[in-house]
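work-v3.txt (compact mmCIF, C-alpha atoms) appears below.
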# COMPACT_ATOMS: atom_id res chain seq x y z
CA MET S 1 30.05 105.70 104.21
CA ASP S 2 26.43 105.38 103.33
CA ALA S 3 24.00 107.62 105.09
CA PRO S 4 22.62 105.72 108.09
CA HIS S 5 19.01 106.76 107.69
CA GLU S 6 18.56 106.39 103.95
CA THR S 7 16.98 103.47 102.15
CA ARG S 8 18.57 102.09 99.04
CA LYS S 9 16.22 100.59 96.48
CA ALA S 10 17.14 98.16 93.76
CA ARG S 11 17.67 99.83 90.41
CA GLY S 12 17.49 98.44 86.91
CA ILE S 13 16.52 94.84 86.33
CA ASP S 14 15.57 93.04 89.52
CA PRO S 15 18.48 90.62 90.26
CA ARG S 16 15.99 88.08 91.56
CA LEU S 17 14.69 87.50 88.05
CA TYR S 18 18.16 86.51 86.88
CA GLN S 19 18.60 84.31 89.95
CA ILE S 20 15.30 82.55 89.27
CA ALA S 21 16.33 81.92 85.66
CA SER S 22 19.74 80.56 86.72
CA LEU S 23 18.34 78.27 89.42
CA SER S 24 15.52 77.04 87.18
CA GLY S 25 17.92 76.23 84.35
CA LEU S 26 20.24 74.37 86.70
CA LEU S 27 17.38 72.39 88.23
CA ILE S 28 15.95 71.38 84.85
CA TYR S 29 19.40 70.43 83.52
CA GLY S 30 20.18 68.49 86.69
CA VAL S 31 16.97 66.51 86.66
CA LEU S 32 17.12 65.70 82.94
CA ALA S 33 20.86 65.23 82.38
CA LEU S 34 22.60 64.72 85.74
CA ASP S 35 20.06 62.52 87.53
CA PHE S 36 19.69 64.83 90.51
CA ASP S 37 18.31 63.07 93.54
CA VAL S 38 15.05 65.00 93.35
CA GLN S 39 11.93 63.87 91.55
CA PRO S 40 9.98 66.36 89.43
CA ALA S 41 6.88 65.75 91.54
CA ARG S 42 8.77 66.57 94.74
CA ALA S 43 10.30 69.68 93.21
CA ALA S 44 6.84 70.82 92.12
CA THR S 45 5.52 70.19 95.65
CA ILE S 46 8.31 72.25 97.23
CA LEU S 47 7.78 75.15 94.83
CA THR S 48 4.01 75.08 95.24
CA THR S 49 4.35 75.03 99.03
CA ALA S 50 6.75 77.98 98.98
CA LEU S 51 4.48 80.06 96.74
CA LEU S 52 1.36 79.19 98.73
CA THR S 53 3.07 80.05 102.01
CA GLN S 54 4.12 83.40 100.57
CA PHE S 55 0.53 84.07 99.52
CA LEU S 56 -0.96 83.12 102.91
CA CYS S 57 1.63 85.06 104.90
CA GLY S 58 1.08 88.05 102.65
CA LYS S 59 -2.61 87.92 103.49
CA LEU S 60 -1.97 87.55 107.22
CA TRP S 61 0.53 90.41 107.29
CA LYS S 62 -1.69 92.46 104.94
CA LEU S 63 0.90 93.09 102.26
CA PRO S 64 -0.34 95.34 99.46
CA ALA S 65 0.59 92.88 96.69
CA TYR S 66 1.66 89.30 96.10
CA ASP S 67 5.35 89.00 95.20
CA PRO S 68 6.46 85.41 94.42
CA ARG S 69 10.08 86.14 93.48
CA SER S 70 11.77 85.65 96.85
CA ALA S 71 9.67 82.55 97.56
CA LEU S 72 10.65 81.10 94.17
CA ILE S 73 14.34 81.56 94.93
CA SER S 74 13.93 79.84 98.30
CA GLY S 75 11.95 77.00 96.76
CA LEU S 76 14.42 76.45 93.92
CA SER S 77 17.36 76.52 96.34
CA LEU S 78 15.65 73.90 98.49
CA CYS S 79 15.06 71.73 95.44
CA LEU S 80 18.81 71.78 94.78
CA LEU S 81 20.06 71.42 98.37
CA LEU S 82 17.40 69.69 100.45
CA ARG S 83 17.47 65.90 100.63
CA THR S 84 14.96 63.85 102.60
CA ASN S 85 12.99 60.64 102.22
CA SER S 86 9.87 62.27 103.65
CA LEU S 87 7.57 64.43 101.57
CA ALA S 88 6.10 65.91 104.75
CA MET S 89 9.56 67.07 105.87
CA ALA S 90 10.16 68.65 102.48
CA VAL S 91 6.88 70.54 102.76
CA ALA S 92 7.69 71.61 106.33
CA THR S 93 11.11 72.91 105.24
CA ALA S 94 9.55 75.02 102.50
CA VAL S 95 6.99 76.46 104.94
CA ILE S 96 9.70 77.35 107.47
CA ALA S 97 11.83 78.98 104.79
CA VAL S 98 9.15 81.39 103.57
CA ALA S 99 7.42 81.97 106.92
CA SER S 100 10.74 82.91 108.56
CA LYS S 101 10.81 86.10 106.47
CA PHE S 102 7.66 87.29 108.21
CA VAL S 103 8.23 85.94 111.73
CA LEU S 104 11.97 86.28 112.38
CA ARG S 105 12.59 90.00 111.91
CA TRP S 106 14.44 92.76 113.71
CA LYS S 107 13.38 96.35 113.10
CA GLY S 108 11.85 95.47 109.75
CA LYS S 109 14.82 93.40 108.55
CA HIS S 110 15.09 89.64 108.09
CA LEU S 111 17.27 87.95 110.68
CA PHE S 112 18.14 84.87 108.61
CA ASN S 113 18.39 83.83 105.01
CA PRO S 114 15.18 81.81 104.48
CA THR S 115 16.78 78.75 102.88
CA ASN S 116 19.61 78.66 105.40
CA ILE S 117 17.46 78.86 108.53
CA ALA S 118 14.98 76.29 107.19
CA LEU S 119 17.71 73.72 106.56
CA ILE S 120 19.33 74.40 109.95
CA ALA S 121 16.01 74.17 111.79
CA MET S 122 15.07 70.87 110.17
CA MET S 123 18.52 69.35 110.75
CA LEU S 124 18.30 70.36 114.42
CA ALA S 125 14.75 69.08 114.85
CA THR S 126 14.96 65.84 112.88
CA ARG S 127 17.42 63.30 111.59
CA GLY S 128 15.63 62.86 108.32
CA VAL S 129 16.98 65.96 106.52
CA TRP S 130 20.41 66.45 105.04
CA VAL S 131 22.07 68.73 102.51
CA SER S 132 23.27 67.72 99.08
CA PRO S 133 27.02 68.36 98.61
CA GLY S 134 26.33 69.54 95.07
CA GLN S 135 28.71 67.27 93.19
CA TRP S 136 27.40 68.10 89.72
CA GLY S 137 30.44 67.49 87.53
CA ASN S 138 32.72 69.99 85.86
CA VAL S 139 30.36 71.01 83.06
CA ALA S 140 27.44 71.89 85.34
CA PHE S 141 29.69 73.48 87.96
CA PHE S 142 31.50 75.86 85.62
CA GLY S 143 28.31 76.62 83.69
CA PHE S 144 26.52 77.58 86.89
CA LEU S 145 29.58 79.54 88.05
CA MET S 146 29.49 81.62 84.89
CA ALA S 147 25.76 82.18 85.35
CA CYS S 148 26.31 83.35 88.94
CA ILE S 149 29.10 85.74 88.02
CA GLY S 150 27.13 86.96 85.03
CA GLY S 151 24.21 87.75 87.29
CA LEU S 152 26.39 89.97 89.46
CA VAL S 153 27.86 91.78 86.47
CA VAL S 154 24.66 92.24 84.48
CA ASN S 155 22.45 93.25 87.37
CA ARG S 156 25.11 95.04 89.46
CA ALA S 157 23.72 93.39 92.59
CA ALA S 158 24.05 95.63 95.62
CA ARG S 159 25.57 92.86 97.74
CA SER S 160 28.21 91.44 95.36
CA ASP S 161 30.93 92.76 97.68
CA VAL S 162 30.03 90.31 100.42
CA THR S 163 30.16 87.41 97.95
CA PHE S 164 33.64 88.22 96.67
CA ALA S 165 34.90 89.06 100.17
CA PHE S 166 33.63 85.76 101.54
CA ILE S 167 35.19 83.73 98.72
CA ALA S 168 38.52 85.54 99.19
CA PHE S 169 38.54 85.07 102.98
CA TYR S 170 37.41 81.45 102.84
CA PHE S 171 39.94 80.48 100.18
CA ALA S 172 42.73 82.30 102.03
CA ILE S 173 41.94 80.39 105.24
CA LEU S 174 41.84 77.07 103.40
CA LEU S 175 45.06 77.89 101.56
CA GLY S 176 46.80 78.83 104.81
CA ARG S 177 45.67 75.60 106.44
CA ALA S 178 46.89 73.55 103.47
CA SER S 179 50.25 75.30 103.59
CA TRP S 180 50.54 74.67 107.32
CA LEU S 181 49.78 70.97 106.82
CA GLY S 182 52.14 70.70 103.87
CA GLN S 183 49.35 69.99 101.36
CA PRO S 184 49.44 71.14 97.73
CA PRO S 185 47.48 74.30 96.87
CA ALA S 186 45.20 72.26 94.64
CA ASN S 187 43.56 70.66 97.67
CA PRO S 188 41.64 73.74 98.92
CA LEU S 189 40.77 74.71 95.37
CA HIS S 190 39.25 71.29 94.77
CA GLY S 191 37.19 71.69 97.93
CA LEU S 192 35.49 74.76 96.47
CA GLN S 193 34.40 73.06 93.26
CA ASN S 194 30.94 71.97 94.32
CA GLY S 195 27.49 73.32 93.70
CA ALA S 196 26.60 73.78 97.35
CA PHE S 197 29.46 76.28 97.74
CA LEU S 198 28.22 78.28 94.74
CA LEU S 199 24.65 78.35 96.02
CA PHE S 200 25.87 79.50 99.40
CA SER S 201 28.18 82.20 98.05
CA PHE S 202 25.87 83.69 95.42
CA PHE S 203 22.38 83.10 96.83
CA MET S 204 22.62 82.86 100.65
CA ILE S 205 25.34 85.03 102.13
CA SER S 206 24.68 87.69 99.47
CA ASP S 207 21.00 88.06 100.41
CA PRO S 208 20.62 91.87 100.61
CA ARG S 209 17.77 91.59 103.12
CA THR S 210 19.90 89.77 105.72
CA THR S 211 23.43 91.17 105.26
CA PRO S 212 24.76 94.28 107.05
CA ASP S 213 23.76 97.63 105.60
CA SER S 214 27.22 99.15 105.12
CA ARG S 215 30.09 97.85 102.98
CA PRO S 216 32.58 97.66 105.89
CA GLY S 217 29.95 95.78 107.85
CA ARG S 218 29.43 93.31 105.00
CA ILE S 219 33.16 92.66 104.66
CA LEU S 220 33.41 92.05 108.41
CA PHE S 221 30.40 89.75 108.17
CA ALA S 222 32.04 87.79 105.33
CA LEU S 223 35.19 87.34 107.41
CA LEU S 224 33.23 86.09 110.42
CA VAL S 225 31.24 83.59 108.35
CA ALA S 226 34.36 82.30 106.59
CA ALA S 227 36.25 81.86 109.86
CA GLY S 228 33.25 80.24 111.53
CA ALA S 229 32.75 77.80 108.68
CA THR S 230 36.35 76.57 108.82
CA PHE S 231 36.11 76.27 112.61
CA VAL S 232 33.00 74.11 112.36
CA GLN S 233 34.53 71.95 109.64
CA PHE S 234 38.10 71.48 110.87
CA VAL S 235 37.85 71.96 114.64
CA LEU S 236 34.39 70.62 115.47
CA TYR S 237 34.54 68.13 112.57
CA ARG S 238 30.95 68.75 111.56
CA THR S 239 29.57 68.88 108.05
CA ASN S 240 27.70 71.87 106.58
CA GLY S 241 30.02 74.36 108.25
CA LEU S 242 28.91 77.12 105.88
CA LEU S 243 25.27 76.79 106.87
CA TRP S 244 25.95 76.62 110.61
CA SER S 245 28.29 79.61 110.49
CA LEU S 246 25.88 81.77 108.48
CA ALA S 247 23.00 81.00 110.84
CA LEU S 248 25.12 81.85 113.88
CA PHE S 249 26.64 85.11 112.66
CA SER S 250 23.36 86.31 111.17
CA LEU S 251 22.43 87.00 114.79
CA ALA S 252 25.31 89.49 114.90
CA VAL S 253 24.03 91.57 111.96
CA PRO S 254 21.94 93.94 114.14
CA LEU S 255 25.05 94.68 116.22
CA ILE S 256 27.17 95.19 113.09
CA ASP S 257 24.55 97.58 111.71
CA ARG S 258 24.66 99.53 114.95
CA LEU S 259 28.46 99.79 114.96
CA LEU S 260 28.83 100.31 111.20
CA PRO S 261 25.57 101.90 110.03
CA GLY S 262 24.61 102.17 106.38
CA SER S 263 21.61 102.57 104.11
CA ARG S 264 18.91 99.92 104.35
CA PHE S 265 18.29 97.92 101.18
CA THR S 266 14.74 97.41 99.92
CA TRP S 267 13.45 95.75 96.80
CA ARG S 268 11.50 97.73 94.27
CA PRO S 269 7.85 97.69 95.39
CA VAL S 270 5.41 95.55 93.46
CA ALA S 271 2.35 97.18 91.90
CA PRO S 272 -0.73 96.28 93.95
CA LEU S 273 -3.34 94.00 92.52
CA PRO S 274 -6.49 95.66 91.20
CA ARG S 275 -9.15 96.13 93.83
CA PHE S 276 -12.64 94.97 93.12
CA PRO S 277 -15.79 96.27 94.84
CA TRP S 278 -17.04 94.13 97.67
CA LYS S 279 -20.50 92.65 97.98
CA GLY S 280 -23.08 95.21 98.99
CA HIS S 281 -21.81 97.97 96.74
CA ASN S 282 -23.93 99.11 93.84
CA HIS S 283 -22.79 97.04 90.85
CA GLU S 284 -25.59 98.19 88.53
CA ASN S 285 -24.89 100.53 85.70
CA PRO S 286 -25.88 104.10 86.59
CA ARG S 287 -29.11 105.30 85.12
CA PRO S 288 -28.59 107.60 82.17
CA THR S 289 -29.22 111.23 82.93
CA PRO S 290 -31.93 112.65 80.63
CA ALA S 291 -30.72 115.31 78.26
CA PRO S 292 -32.01 118.84 78.95
CA ALA S 293 -34.99 119.89 76.88
CA LEU S 294 -34.27 122.22 74.01
CA VAL S 295 -35.80 125.67 74.32
CA PRO S 296 -37.29 126.87 71.00
CA ALA S 297 -35.73 130.00 69.68
CA ALA S 298 -37.75 133.19 69.48
CA ALA S 299 -39.69 133.70 66.32
CA GLY S 300 -37.64 135.11 63.56
CA ARG S 301 -34.34 134.90 65.66
CA GLY S 302 -31.45 133.12 64.05
CA VAL S 303 -33.37 132.65 60.74
CA ALA S 304 -31.74 133.91 57.62
CA ARG S 305 -33.84 136.57 55.83
CA GLY S 306 -34.27 136.16 52.16
CA GLY S 307 -33.60 138.96 49.68
CA ALA S 308 -35.06 139.89 46.30

Representation of the structure as structure tokens:
Amino acid sequence: MDAPHETRKARGIDPRLYQIASLSGLLIYGVLALDFDVQPARAATILTTALLTQFLCGKLWKLPAYDPRSALISGLSLCLLLRTNSLAMAVATAVIAVASKFVLRWKGKHLFNPTNIALIAMMLATRGVWVSPGQWGNVAFFGFLMACIGGLVVNRAARSDVTFAFIAFYFAILLGRASWLGQPPANPLHGLQNGAFLLFSFFMISDPRTTPDSRPGRILFALLVAAGATFVQFVLYRTNGLLWSLALFSLAVPLIDRLLPGSRFTWRPVAPLPRFPWKGHNHENPRPTPAPALVPAAAGRGVARGGA
């Protein structure tokens, strides 16, 4: 078991860079080739809002440096999942997503995945927000799947265990239900072939800042979320069971960390921005210090004497 009081930092290439590249490529391909229901202007507004909110919150919370990577991932995920006819609601969702990282915390740890809690909050508060099912077609789905798996392999993400555990638990539950109902095994497999499921599995539940600290805790968390999602979908007959379940069981993470402690994950710190002198300091070039006067040598000292 991991030491309970240690902090584990990301090593190697930051996985968020690979995630940003994957999400950006999917968004560009979807807008240009798949006619995603998101206009470039709206996508640019969501991304700008997320980055600006990160900057303002960083100033308010006096962070040493501006780090846009997490905000970019949240903004790109919202561009792919969020659907609304109101630009104001899209802006509000982006603000909630990024601001939640600063406001909703427990002992220095995020309580919720930013994208998840923003979508849940807006769906609870309004009727003008819904989530795209992510029906992108086979080419885009399998291409993005390979990109997601490649990101875990290349970057050795510290929370890949919760992703694979969740997929295994969720598929097992769906397969058991299909067997009980006498349905062919292809039915649950077809239900997993959508982009929203990939985004949830590889970018939401695997968020290292919101999952339990220990590996046993993360596997338990994956089981709870998988069971909760199927309960919401097949017992309560509500859509977006994955999002509702993740938001609910994220509240149990502090308890899981207490029962199954592990090392806390932190991202590699960002180098602070250069500091410039404030007004009132002396900006003038310092006056040159005069060179010391040369003292003449004594007569005859140091002078070569000539010979006949």

Shortest contact to Ala50 in chain S, candidates S:Val31, S:Leu104, S:Leu189, S:Thr115, atoms counted only C-alpha atoms, goes to S:Thr115

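Taking CA of Lys107 in chain S and CA of Leu243 in chain S as endpoints, the distance between them is 23.7 Å.
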
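Nearest to Phe102 in chain S of all the residues S:Leu124, S:Ala65, S:Ile73, S:Leu60 is S:Leu60, counting all atoms listed in the file.
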
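Relative to CA of Pro68 in chain S, CA of Ile20 in chain S is found at 10.6 Å.
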
Quick one: residues within 10 Å of Asn194 in chain S, all atoms listed in the file counted, chain neighbours fewer than 5 positions away excluded, as a PyMOL selection string? chain S and resi 132-138+140-142+145+199

In the coordinates of the file, take the point (17.3, 87.3, 101.5) and a cut-off of 9 Å; then, counting only C-alpha atoms, name each qualifying protein, DNA or RNA residue as an MDAnalysis selection string. chainID S and resid 70 74 101 110 112:115 203:211
